[in-house]
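Peer 1: Okay, here's the structure, questions in a sec.
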Amino acid sequence: MSAIGVAAACSRLRPGGRPLSAAVQKLNSLSLHTTARGPAKEYYEVLVLGGGAGGISMSARMKRKVGAENVAVVEPSKTHYYQPLWTLVGAGAKQLAASARPTEQVVPQGVEWIKCRVTRLDPDKNCVWLEDNKKISYKYLIIALGISLHYEKIKGLPEGFRHPKIGSNYSVHTVEKTWRALQDFKEGNAIFTFPNTPVKCAGAPQKIMYLSEAYWRKTGKRSKANIMFNTSLGVIFGVKKYADALLEIIKERNITVNYRRNLVEVRADKQEAVFENLDKPGVTEVHQYEILHVTPPMGPPDVLLNSPVSDEAGWVDVDMQTLQHKKYPNVFGIGDCTNLPTSKTAAAVAAQSGVLDKTISMVMKNQLPTKKYDGYTSCPLVTGYNKVILAEFDYAAQPLETFPIDQSKERVTMYHMKADVMPVLYWNALLK
């Protein structure tokens, strides 16, 4: 669950990019709207599946390309959330309400919002089916369906969330429970988990750990907390430059990291968490906890499983450079639902949207796409209530940094960028 990358949201601040100050100044002239929505038509030139960051930003771009009346967004949720803020909500630094807007306010004016769930994709016939058995046809399809959370794949969840001392920053229903558990902590194990699946914002599971450690230091409880990060991965972070910096912080703050450990069961009534040792299949270990932060297993949305647009794992099968579907030239994918081999963050979506815009323009002119996505993604690694390491990198897991400074250092300026600047840019720049 990452903030928008500074670099992506501000055109990377590289030659030809817009300066951050100019982007912020433009916000004054942008405003929200609400629009009365009529009944959905049976055909749209551009049909967008999903009303998250990728779907809304692409529908705004397509509106400018083909006209609002020729674009529709299929999205069942009434509320749109800026999820990168939930890291700070779970730590008591922001209010949950600040992350939410009515979906009607973020769908571009004049674009049709189809308040429904898509149940089947039929790219061979250029149509999709909705849950009310309605068929919508299209000329171009953009799939931006995000990623699904699977708490139920951990035995004892989600019902275990009814008990105290357990939370998760990944769900609107459980993020405030994290903050309550943090405040109620008395003494014992504080366990933070990372699942054995792809996740959105791979840094978020440990961000809340650093914030918790800082909170307990501030409130005099740190000496009573045994902080553990139990991760299914074999490394703390996928990019060595930032991993080295994080390992220094972990050492300084006396945090225990247990690699290749996957949460398989929560016994919330006993405050016990059961982990499988992934290097010794079938071997489990049980830990008592005073606080447990769960990062759930994740996967493609159900509608994409065994779909003609998906690969064997269920992710939308797109070209990693153009975001055009490998089999269907009028189908495109963006964001967490795709099989792009980069971290799933809002920053990645911001960078992808510019490339996809160019790709679709070329396809509409019957030309081959030339603009290429380099895998850029960003993860502001929050390491305290006023500190962030701004990780930015590409497909090759090589740093791809915006600023002429060492971004592996903790910085107050980067914290304010994540906490204060990026939400404003998200609502008023990326989505528009």
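Simple scheme: letters A, B, ... for chains in structure tokens order, numbers from 1 for residues in each chain, numbers from 1 for ligands in the order shown.
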When DSSP is applied to the backbone of this structure, which of range 210-384 of chain A are assigned strand (DSSP E)? Write them out as a PyMOL selection string.

Peer 2: chain A and resi 225-231+256-258+261-267+272-277+284-288+291-293+298-299+331-333+377-384

Peer 1: Any idea what's packed within 9 Å of range 375-387 of chain A, counting only C-alpha atoms, ignoring anything in its chain fewer than 3 positions away? Could you give it as a PDB file with N, CA, C and O atoms, in the first residue's frame?

Peer 2:
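The resulting result_15.pdb:
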ATOM      1  N   MET A   1       0.837  -1.178   0.000  1.00  0.00           N
ATOM      2  CA  MET A   1       0.000   0.000   0.000  1.00  0.00           C
ATOM      3  C   MET A   1       0.881   1.240   0.000  1.00  0.00           C
ATOM      4  O   MET A   1       1.030   1.905   0.977  1.00  0.00           O
ATOM      5  N   SER A   2       1.454   1.683  -1.236  1.00  0.00           N
ATOM      6  CA  SER A   2       2.432   2.753  -1.286  1.00  0.00           C
ATOM      7  C   SER A   2       1.779   4.084  -1.622  1.00  0.00           C
ATOM      8  O   SER A   2       0.739   4.142  -2.224  1.00  0.00           O
ATOM      9  N   ALA A   3       2.447   5.171  -1.273  1.00  0.00           N
ATOM     10  CA  ALA A   3       1.993   6.484  -1.748  1.00  0.00           C
ATOM     11  C   ALA A   3       2.363   6.613  -3.210  1.00  0.00           C
ATOM     12  O   ALA A   3       3.172   5.872  -3.730  1.00  0.00           O
ATOM     13  N   ILE A   4       1.803   7.572  -3.880  1.00  0.00           N
ATOM     14  CA  ILE A   4       2.204   7.774  -5.271  1.00  0.00           C
ATOM     15  C   ILE A   4       3.674   8.135  -5.255  1.00  0.00           C
ATOM     16  O   ILE A   4       4.109   8.915  -4.457  1.00  0.00           O
ATOM     17  N   GLY A   5       4.434   7.592  -6.177  1.00  0.00           N
ATOM     18  CA  GLY A   5       5.848   7.971  -6.254  1.00  0.00           C
ATOM     19  C   GLY A   5       5.970   9.420  -6.601  1.00  0.00           C
ATOM     20  O   GLY A   5       5.259   9.917  -7.445  1.00  0.00           O
ATOM     21  N   VAL A   6       6.878  10.064  -5.924  1.00  0.00           N
ATOM     22  CA  VAL A   6       7.133  11.461  -6.261  1.00  0.00           C
ATOM     23  C   VAL A   6       7.434  11.560  -7.743  1.00  0.00           C
ATOM     24  O   VAL A   6       6.902  12.389  -8.452  1.00  0.00           O
ATOM     25  N   ALA A   7       8.285  10.682  -8.185  1.00  0.00           N
ATOM     26  CA  ALA A   7       8.728  10.763  -9.563  1.00  0.00           C
ATOM     27  C   ALA A   7       7.589  10.585 -10.532  1.00  0.00           C
ATOM     28  O   ALA A   7       7.478  11.312 -11.503  1.00  0.00           O
ATOM     29  N   ALA A   8       6.707   9.619 -10.277  1.00  0.00           N
ATOM     30  CA  ALA A   8       5.620   9.370 -11.219  1.00  0.00           C
ATOM     31  C   ALA A   8       4.616  10.503 -11.201  1.00  0.00           C
ATOM     32  O   ALA A   8       4.206  11.007 -12.239  1.00  0.00           O
ATOM     33  N   THR A  87      -1.436   3.281   6.149  1.00  0.00           N
ATOM     34  CA  THR A  87      -0.258   3.051   7.000  1.00  0.00           C
ATOM     35  C   THR A  87      -0.265   4.034   8.169  1.00  0.00           C
ATOM     36  O   THR A  87      -0.006   3.668   9.320  1.00  0.00           O
ATOM     37  N   LEU A  88      -0.579   5.296   7.865  1.00  0.00           N
ATOM     38  CA  LEU A  88      -0.570   6.339   8.901  1.00  0.00           C
ATOM     39  C   LEU A  88      -1.829   6.293   9.754  1.00  0.00           C
ATOM     40  O   LEU A  88      -1.804   6.633  10.934  1.00  0.00           O
ATOM     41  N   ALA A  91      -1.384   3.851  12.484  1.00  0.00           N
ATOM     42  CA  ALA A  91      -0.445   4.320  13.514  1.00  0.00           C
ATOM     43  C   ALA A  91      -0.959   5.558  14.238  1.00  0.00           C
ATOM     44  O   ALA A  91      -0.232   6.165  15.021  1.00  0.00           O
ATOM     45  N   ALA A  93      -1.652   8.490  13.017  1.00  0.00           N
ATOM     46  CA  ALA A  93      -1.130   9.766  12.511  1.00  0.00           C
ATOM     47  C   ALA A  93      -2.092  10.460  11.556  1.00  0.00           C
ATOM     48  O   ALA A  93      -1.936  11.649  11.266  1.00  0.00           O
ATOM     49  N   CYS A 201       2.021  -2.882  -2.365  1.00  0.00           N
ATOM     50  CA  CYS A 201       3.003  -2.168  -1.553  1.00  0.00           C
ATOM     51  C   CYS A 201       3.736  -3.101  -0.593  1.00  0.00           C
ATOM     52  O   CYS A 201       3.358  -3.252   0.561  1.00  0.00           O
ATOM     53  N   ALA A 202       4.786  -3.701  -1.105  1.00  0.00           N
ATOM     54  CA  ALA A 202       5.543  -4.673  -0.311  1.00  0.00           C
ATOM     55  C   ALA A 202       6.230  -4.053   0.902  1.00  0.00           C
ATOM     56  O   ALA A 202       6.674  -4.761   1.794  1.00  0.00           O
ATOM     57  N   GLY A 203       6.299  -2.721   0.962  1.00  0.00           N
ATOM     58  CA  GLY A 203       6.920  -2.081   2.125  1.00  0.00           C
ATOM     59  C   GLY A 203       5.974  -1.894   3.293  1.00  0.00           C
ATOM     60  O   GLY A 203       6.399  -1.791   4.450  1.00  0.00           O
ATOM     61  N   ALA A 204       4.668  -1.856   3.014  1.00  0.00           N
ATOM     62  CA  ALA A 204       3.683  -1.530   4.056  1.00  0.00           C
ATOM     63  C   ALA A 204       3.702  -2.468   5.256  1.00  0.00           C
ATOM     64  O   ALA A 204       3.520  -2.011   6.385  1.00  0.00           O
ATOM     65  N   GLN A 206       6.080  -3.692   6.857  1.00  0.00           N
ATOM     66  CA  GLN A 206       7.078  -3.307   7.858  1.00  0.00           C
ATOM     67  C   GLN A 206       6.997  -1.840   8.254  1.00  0.00           C
ATOM     68  O   GLN A 206       7.504  -1.452   9.297  1.00  0.00           O
ATOM     69  N   LYS A 207       6.317  -1.014   7.450  1.00  0.00           N
ATOM     70  CA  LYS A 207       6.161   0.399   7.842  1.00  0.00           C
ATOM     71  C   LYS A 207       5.449   0.511   9.190  1.00  0.00           C
ATOM     72  O   LYS A 207       5.847   1.291  10.060  1.00  0.00           O
ATOM     73  N   ILE A 208       4.371  -0.263   9.359  1.00  0.00           N
ATOM     74  CA  ILE A 208       3.609  -0.179  10.610  1.00  0.00           C
ATOM     75  C   ILE A 208       4.446  -0.684  11.785  1.00  0.00           C
ATOM     76  O   ILE A 208       4.282  -0.224  12.920  1.00  0.00           O
ATOM     77  N   MET A 209       5.383  -1.570  11.509  1.00  0.00           N
ATOM     78  CA  MET A 209       6.275  -2.053  12.569  1.00  0.00           C
ATOM     79  C   MET A 209       7.177  -0.927  13.073  1.00  0.00           C
ATOM     80  O   MET A 209       7.328  -0.734  14.291  1.00  0.00           O
ATOM     81  N   TYR A 210       7.765  -0.167  12.151  1.00  0.00           N
ATOM     82  CA  TYR A 210       8.634   0.945  12.560  1.00  0.00           C
ATOM     83  C   TYR A 210       7.834   2.020  13.295  1.00  0.00           C
ATOM     84  O   TYR A 210       8.310   2.597  14.272  1.00  0.00           O
ATOM     85  N   LEU A 211       6.628   2.288  12.824  1.00  0.00           N
ATOM     86  CA  LEU A 211       5.779   3.287  13.485  1.00  0.00           C
ATOM     87  C   LEU A 211       5.385   2.826  14.886  1.00  0.00           C
ATOM     88  O   LEU A 211       5.361   3.616  15.836  1.00  0.00           O
ATOM     89  N   SER A 212       5.084   1.534  15.027  1.00  0.00           N
ATOM     90  CA  SER A 212       4.734   0.998  16.343  1.00  0.00           C
ATOM     91  C   SER A 212       5.903   1.134  17.304  1.00  0.00           C
ATOM     92  O   SER A 212       5.742   1.559  18.459  1.00  0.00           O
ATOM     93  N   GLU A 213       7.093   0.784  16.814  1.00  0.00           N
ATOM     94  CA  GLU A 213       8.293   0.894  17.648  1.00  0.00           C
ATOM     95  C   GLU A 213       8.499   2.330  18.112  1.00  0.00           C
ATOM     96  O   GLU A 213       8.796   2.592  19.290  1.00  0.00           O
ATOM     97  N   ALA A 214       8.282   3.274  17.196  1.00  0.00           N
ATOM     98  CA  ALA A 214       8.441   4.688  17.544  1.00  0.00           C
ATOM     99  C   ALA A 214       7.389   5.129  18.565  1.00  0.00           C
ATOM    100  O   ALA A 214       7.685   5.881  19.504  1.00  0.00           O
ATOM    101  N   TYR A 215       6.162   4.635  18.396  1.00  0.00           N
ATOM    102  CA  TYR A 215       5.081   5.000  19.318  1.00  0.00           C
ATOM    103  C   TYR A 215       5.372   4.479  20.725  1.00  0.00           C
ATOM    104  O   TYR A 215       5.198   5.201  21.723  1.00  0.00           O
ATOM    105  N   LEU A 246      17.522  -0.499   5.643  1.00  0.00           N
ATOM    106  CA  LEU A 246      16.508  -1.019   6.561  1.00  0.00           C
ATOM    107  C   LEU A 246      17.121  -1.968   7.583  1.00  0.00           C
ATOM    108  O   LEU A 246      16.737  -1.959   8.761  1.00  0.00           O
ATOM    109  N   ILE A 249      18.536  -0.023  10.390  1.00  0.00           N
ATOM    110  CA  ILE A 249      17.484   0.462  11.288  1.00  0.00           C
ATOM    111  C   ILE A 249      16.987  -0.670  12.189  1.00  0.00           C
ATOM    112  O   ILE A 249      16.797  -0.493  13.402  1.00  0.00           O
ATOM    113  N   MET A 320       5.097  -6.183 -20.962  1.00  0.00           N
ATOM    114  CA  MET A 320       5.656  -5.454 -19.822  1.00  0.00           C
ATOM    115  C   MET A 320       6.127  -4.045 -20.170  1.00  0.00           C
ATOM    116  O   MET A 320       6.342  -3.225 -19.276  1.00  0.00           O
ATOM    117  N   GLN A 321       6.268  -3.740 -21.449  1.00  0.00           N
ATOM    118  CA  GLN A 321       6.711  -2.409 -21.840  1.00  0.00           C
ATOM    119  C   GLN A 321       5.573  -1.513 -22.325  1.00  0.00           C
ATOM    120  O   GLN A 321       5.567  -0.318 -22.068  1.00  0.00           O
ATOM    121  N   LEU A 340       2.688  -7.566 -14.613  1.00  0.00           N
ATOM    122  CA  LEU A 340       3.917  -6.772 -14.747  1.00  0.00           C
ATOM    123  C   LEU A 340       4.858  -7.104 -13.585  1.00  0.00           C
ATOM    124  O   LEU A 340       4.447  -7.045 -12.424  1.00  0.00           O
ATOM    125  N   PRO A 341       6.118  -7.451 -13.853  1.00  0.00           N
ATOM    126  CA  PRO A 341       7.030  -7.883 -12.793  1.00  0.00           C
ATOM    127  C   PRO A 341       7.657  -6.724 -12.028  1.00  0.00           C
ATOM    128  O   PRO A 341       8.877  -6.558 -11.977  1.00  0.00           O
ATOM    129  N   THR A 342       6.799  -5.893 -11.418  1.00  0.00           N
ATOM    130  CA  THR A 342       7.276  -4.797 -10.576  1.00  0.00           C
ATOM    131  C   THR A 342       6.377  -4.709  -9.356  1.00  0.00           C
ATOM    132  O   THR A 342       5.324  -5.348  -9.305  1.00  0.00           O
ATOM    133  N   SER A 343       6.768  -3.946  -8.351  1.00  0.00           N
ATOM    134  CA  SER A 343       5.957  -3.812  -7.141  1.00  0.00           C
ATOM    135  C   SER A 343       4.624  -3.164  -7.451  1.00  0.00           C
ATOM    136  O   SER A 343       4.536  -2.232  -8.249  1.00  0.00           O
ATOM    137  N   LYS A 344       3.567  -3.669  -6.789  1.00  0.00           N
ATOM    138  CA  LYS A 344       2.212  -3.192  -7.030  1.00  0.00           C
ATOM    139  C   LYS A 344       1.941  -1.998  -6.107  1.00  0.00           C
ATOM    140  O   LYS A 344       1.618  -2.180  -4.934  1.00  0.00           O
ATOM    141  N   THR A 345       2.114  -0.783  -6.646  1.00  0.00           N
ATOM    142  CA  THR A 345       1.927   0.431  -5.863  1.00  0.00           C
ATOM    143  C   THR A 345       1.164   1.468  -6.682  1.00  0.00           C
ATOM    144  O   THR A 345       1.077   1.374  -7.907  1.00  0.00           O
ATOM    145  N   ALA A 346       0.643   2.492  -5.996  1.00  0.00           N
ATOM    146  CA  ALA A 346      -0.006   3.596  -6.693  1.00  0.00           C
ATOM    147  C   ALA A 346       1.007   4.370  -7.531  1.00  0.00           C
ATOM    148  O   ALA A 346       0.664   4.947  -8.565  1.00  0.00           O
ATOM    149  N   ALA A 347       2.266   4.343  -7.103  1.00  0.00           N
ATOM    150  CA  ALA A 347       3.331   4.996  -7.872  1.00  0.00           C
ATOM    151  C   ALA A 347       3.498   4.321  -9.221  1.00  0.00           C
ATOM    152  O   ALA A 347       3.665   4.977 -10.253  1.00  0.00           O
ATOM    153  N   ALA A 348       3.461   2.987  -9.209  1.00  0.00           N
ATOM    154  CA  ALA A 348       3.572   2.245 -10.460  1.00  0.00           C
ATOM    155  C   ALA A 348       2.410   2.590 -11.383  1.00  0.00           C
ATOM    156  O   ALA A 348       2.584   2.788 -12.586  1.00  0.00           O
ATOM    157  N   VAL A 349       1.205   2.684 -10.815  1.00  0.00           N
ATOM    158  CA  VAL A 349       0.022   3.053 -11.607  1.00  0.00           C
ATOM    159  C   VAL A 349       0.214   4.427 -12.249  1.00  0.00           C
ATOM    160  O   VAL A 349      -0.113   4.639 -13.426  1.00  0.00           O
ATOM    161  N   ALA A 350       0.759   5.367 -11.492  1.00  0.00           N
ATOM    162  CA  ALA A 350       0.971   6.715 -12.020  1.00  0.00           C
ATOM    163  C   ALA A 350       1.911   6.687 -13.217  1.00  0.00           C
ATOM    164  O   ALA A 350       1.663   7.338 -14.237  1.00  0.00           O
ATOM    165  N   ALA A 351       2.984   5.914 -13.111  1.00  0.00           N
ATOM    166  CA  ALA A 351       3.933   5.814 -14.218  1.00  0.00           C
ATOM    167  C   ALA A 351       3.328   5.054 -15.391  1.00  0.00           C
ATOM    168  O   ALA A 351       3.493   5.435 -16.553  1.00  0.00           O
ATOM    169  N   GLN A 352       2.598   3.980 -15.084  1.00  0.00           N
ATOM    170  CA  GLN A 352       1.978   3.163 -16.132  1.00  0.00           C
ATOM    171  C   GLN A 352       0.925   3.934 -16.911  1.00  0.00           C
ATOM    172  O   GLN A 352       0.778   3.738 -18.123  1.00  0.00           O
ATOM    173  N   LEU A 390      12.764   7.111   0.794  1.00  0.00           N
ATOM    174  CA  LEU A 390      11.989   7.078  -0.453  1.00  0.00           C
ATOM    175  C   LEU A 390      12.644   6.117  -1.444  1.00  0.00           C
ATOM    176  O   LEU A 390      13.611   6.460  -2.122  1.00  0.00           O
ATOM    177  N   ALA A 391      12.103   4.902  -1.513  1.00  0.00           N
ATOM    178  CA  ALA A 391      12.609   3.890  -2.444  1.00  0.00           C
ATOM    179  C   ALA A 391      11.936   4.066  -3.800  1.00  0.00           C
ATOM    180  O   ALA A 391      10.714   4.117  -3.887  1.00  0.00           O
ATOM    181  N   GLU A 392      12.751   4.179  -4.848  1.00  0.00           N
ATOM    182  CA  GLU A 392      12.252   4.255  -6.224  1.00  0.00           C
ATOM    183  C   GLU A 392      13.134   3.354  -7.073  1.00  0.00           C
ATOM    184  O   GLU A 392      14.355   3.441  -7.003  1.00  0.00           O
ATOM    185  N   PHE A 393      12.516   2.496  -7.896  1.00  0.00           N
ATOM    186  CA  PHE A 393      13.318   1.527  -8.636  1.00  0.00           C
ATOM    187  C   PHE A 393      12.563   1.006  -9.853  1.00  0.00           C
ATOM    188  O   PHE A 393      11.387   1.316 -10.041  1.00  0.00           O
ATOM    189  N   ASP A 394      13.266   0.192 -10.673  1.00  0.00           N
ATOM    190  CA  ASP A 394      12.704  -0.265 -11.943  1.00  0.00           C
ATOM    191  C   ASP A 394      12.577  -1.786 -11.977  1.00  0.00           C
ATOM    192  O   ASP A 394      12.733  -2.461 -10.954  1.00  0.00           O
ATOM    193  N   TYR A 395      12.283  -2.312 -13.172  1.00  0.00           N
ATOM    194  CA  TYR A 395      12.134  -3.762 -13.334  1.00  0.00           C
ATOM    195  C   TYR A 395      13.342  -4.544 -12.843  1.00  0.00           C
ATOM    196  O   TYR A 395      13.213  -5.647 -12.315  1.00  0.00           O
ATOM    197  N   ALA A 396      14.518  -3.986 -13.036  1.00  0.00           N
ATOM    198  CA  ALA A 396      15.749  -4.695 -12.678  1.00  0.00           C
ATOM    199  C   ALA A 396      16.095  -4.540 -11.200  1.00  0.00           C
ATOM    200  O   ALA A 396      17.176  -4.941 -10.769  1.00  0.00           O
ATOM    201  N   ALA A 397      15.171  -3.957 -10.411  1.00  0.00           N
ATOM    202  CA  ALA A 397      15.403  -3.689  -8.986  1.00  0.00           C
ATOM    203  C   ALA A 397      16.606  -2.772  -8.795  1.00  0.00           C
ATOM    204  O   ALA A 397      17.340  -2.861  -7.814  1.00  0.00           O
ATOM    205  N   LEU A 400      15.932   4.093  -9.181  1.00  0.00           N
ATOM    206  CA  LEU A 400      15.578   5.020 -10.259  1.00  0.00           C
ATOM    207  C   LEU A 400      15.065   6.272  -9.562  1.00  0.00           C
ATOM    208  O   LEU A 400      13.863   6.497  -9.453  1.00  0.00           O
ATOM    209  N   GLU A 410      17.014   8.202   5.930  1.00  0.00           N
ATOM    210  CA  GLU A 410      15.741   8.653   6.503  1.00  0.00           C
ATOM    211  C   GLU A 410      15.683  10.186   6.432  1.00  0.00           C
ATOM    212  O   GLU A 410      16.637  10.856   6.818  1.00  0.00           O
ATOM    213  N   ARG A 411      14.563  10.714   5.947  1.00  0.00           N
ATOM    214  CA  ARG A 411      14.448  12.167   5.817  1.00  0.00           C
ATOM    215  C   ARG A 411      13.069  12.655   6.243  1.00  0.00           C
ATOM    216  O   ARG A 411      12.050  12.052   5.910  1.00  0.00           O
ATOM    217  N   VAL A 412      13.062  13.780   6.946  1.00  0.00           N
ATOM    218  CA  VAL A 412      11.810  14.422   7.366  1.00  0.00           C
ATOM    219  C   VAL A 412      11.054  14.955   6.155  1.00  0.00           C
ATOM    220  O   VAL A 412       9.825  14.846   6.075  1.00  0.00           O
ATOM    221  N   THR A 413      11.776  15.518   5.194  1.00  0.00           N
ATOM    222  CA  THR A 413      11.123  16.080   4.001  1.00  0.00           C
ATOM    223  C   THR A 413      10.329  15.012   3.266  1.00  0.00           C
ATOM    224  O   THR A 413       9.218  15.272   2.781  1.00  0.00           O
ATOM    225  N   MET A 414      10.875  13.806   3.173  1.00  0.00           N
ATOM    226  CA  MET A 414      10.195  12.724   2.470  1.00  0.00           C
ATOM    227  C   MET A 414       8.955  12.264   3.235  1.00  0.00           C
ATOM    228  O   MET A 414       7.969  11.832   2.646  1.00  0.00           O
ATOM    229  N   TYR A 415       9.008  12.365   4.578  1.00  0.00           N
ATOM    230  CA  TYR A 415       7.817  12.029   5.363  1.00  0.00           C
ATOM    231  C   TYR A 415       6.678  12.994   5.031  1.00  0.00           C
ATOM    232  O   TYR A 415       5.539  12.577   4.799  1.00  0.00           O
ATOM    233  N   HIS A 416       6.988  14.281   4.998  1.00  0.00           N
ATOM    234  CA  HIS A 416       5.937  15.262   4.701  1.00  0.00           C
ATOM    235  C   HIS A 416       5.425  15.098   3.273  1.00  0.00           C
ATOM    236  O   HIS A 416       4.250  15.336   2.993  1.00  0.00           O
ATOM    237  N   LYS A 418       5.107  12.198   1.730  1.00  0.00           N
ATOM    238  CA  LYS A 418       4.158  11.082   1.778  1.00  0.00           C
ATOM    239  C   LYS A 418       2.873  11.463   2.501  1.00  0.00           C
ATOM    240  O   LYS A 418       1.772  11.191   2.026  1.00  0.00           O
TER     241      LYS A 418
END

Peer 1: Considering only C-alpha atoms, state which residue in the set A:Gly110, A:Leu141, A:Glu176, A:Ile227 is at the smallest distance from Gln324 in chain A.

Peer 2: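 Checking each candidate against Gln324 in chain A, we get A:Leu141 as the closest.
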
Peer 1: Within 8 Å of range 259-270 of chain A, counting only C-alpha atoms, which residues qualify if same-chain residues fewer than 5 places away don't, as a VMD selection string?

Peer 2: chain A and resid 153 to 157 160 to 161 163 166 193 to 196 230 to 235 275 to 279 288

Peer 1: Between A:His325, A:Lys186, A:Arg120, A:His150, single out the one closest to Met298 in chain A, counting only C-alpha atoms.

Peer 2: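 Smallest separation from Met298 in chain A among the options: A:His150.
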
Peer 1: May I ask which of the residues A:Val355, A:Tyr43, A:Lys94, A:Asp319 is the closest one to Val331 in chain A, counting only C-alpha atoms?

Peer 2: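 Selected residue with least distance to Val331 in chain A: A:Asp319.
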
Peer 1: Run DSSP on the backbone and grab whatever in range 298-337 of chain A lands in helix (DSSP H, G or I); send it over as a ChimeraX atom specification.

Peer 2: /A:302-304,335-337

Peer 1: Would you compute the distance between CA of Tyr373 in chain A and CA of Tyr82 in chain A? Give it in Å to one decimal.

Peer 2: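 Rounded to one decimal, the two atoms are 23.5 Å apart.
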
Peer 1: So, counting only C-alpha atoms, which residue among A:Val274, A:Leu85, A:Met62, A:Ile236 is closest to Ala419 in chain A?

Peer 2: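 When distances to Ala419 in chain A are compared using only C-alpha atoms, the smallest one comes from A:Leu85.
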
Peer 1: Using only C-alpha atoms for the distances, tell me which of A:Asn258, A:Ser99, A:Asn169, A:Ser148 is nearest to Phe229 in chain A.

Peer 2: A:Asn258

Peer 1: With distances taken over only C-alpha atoms, which residue among A:Tyr44, A:Val89, A:Trp216, A:Ser223 lies nearest Lys63 in chain A?

Peer 2: A:Tyr44

Peer 1: So what do you get for CA of Thr178 in chain A versus CA of Thr219 in chain A, distance-wise?

Peer 2: 16.5 Å

Peer 1: Can you pull out every residue within 9 Å of range 300-311 of chain A, counting only C-alpha atoms, but drop anything in the same chain fewer than 2 positions away, and send it as a VMD selection string?

Peer 2: chain A and resid 118 to 124 145 to 149 298 313 to 318 325 to 328 331 336 to 339

Peer 1: How far is it from CA of Asn70 in chain A to CA of Val46 in chain A, in Å with one decimal?

Peer 2: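 According to the coordinates, CA of Asn70 in chain A and CA of Val46 in chain A are separated by 6.4 Å.
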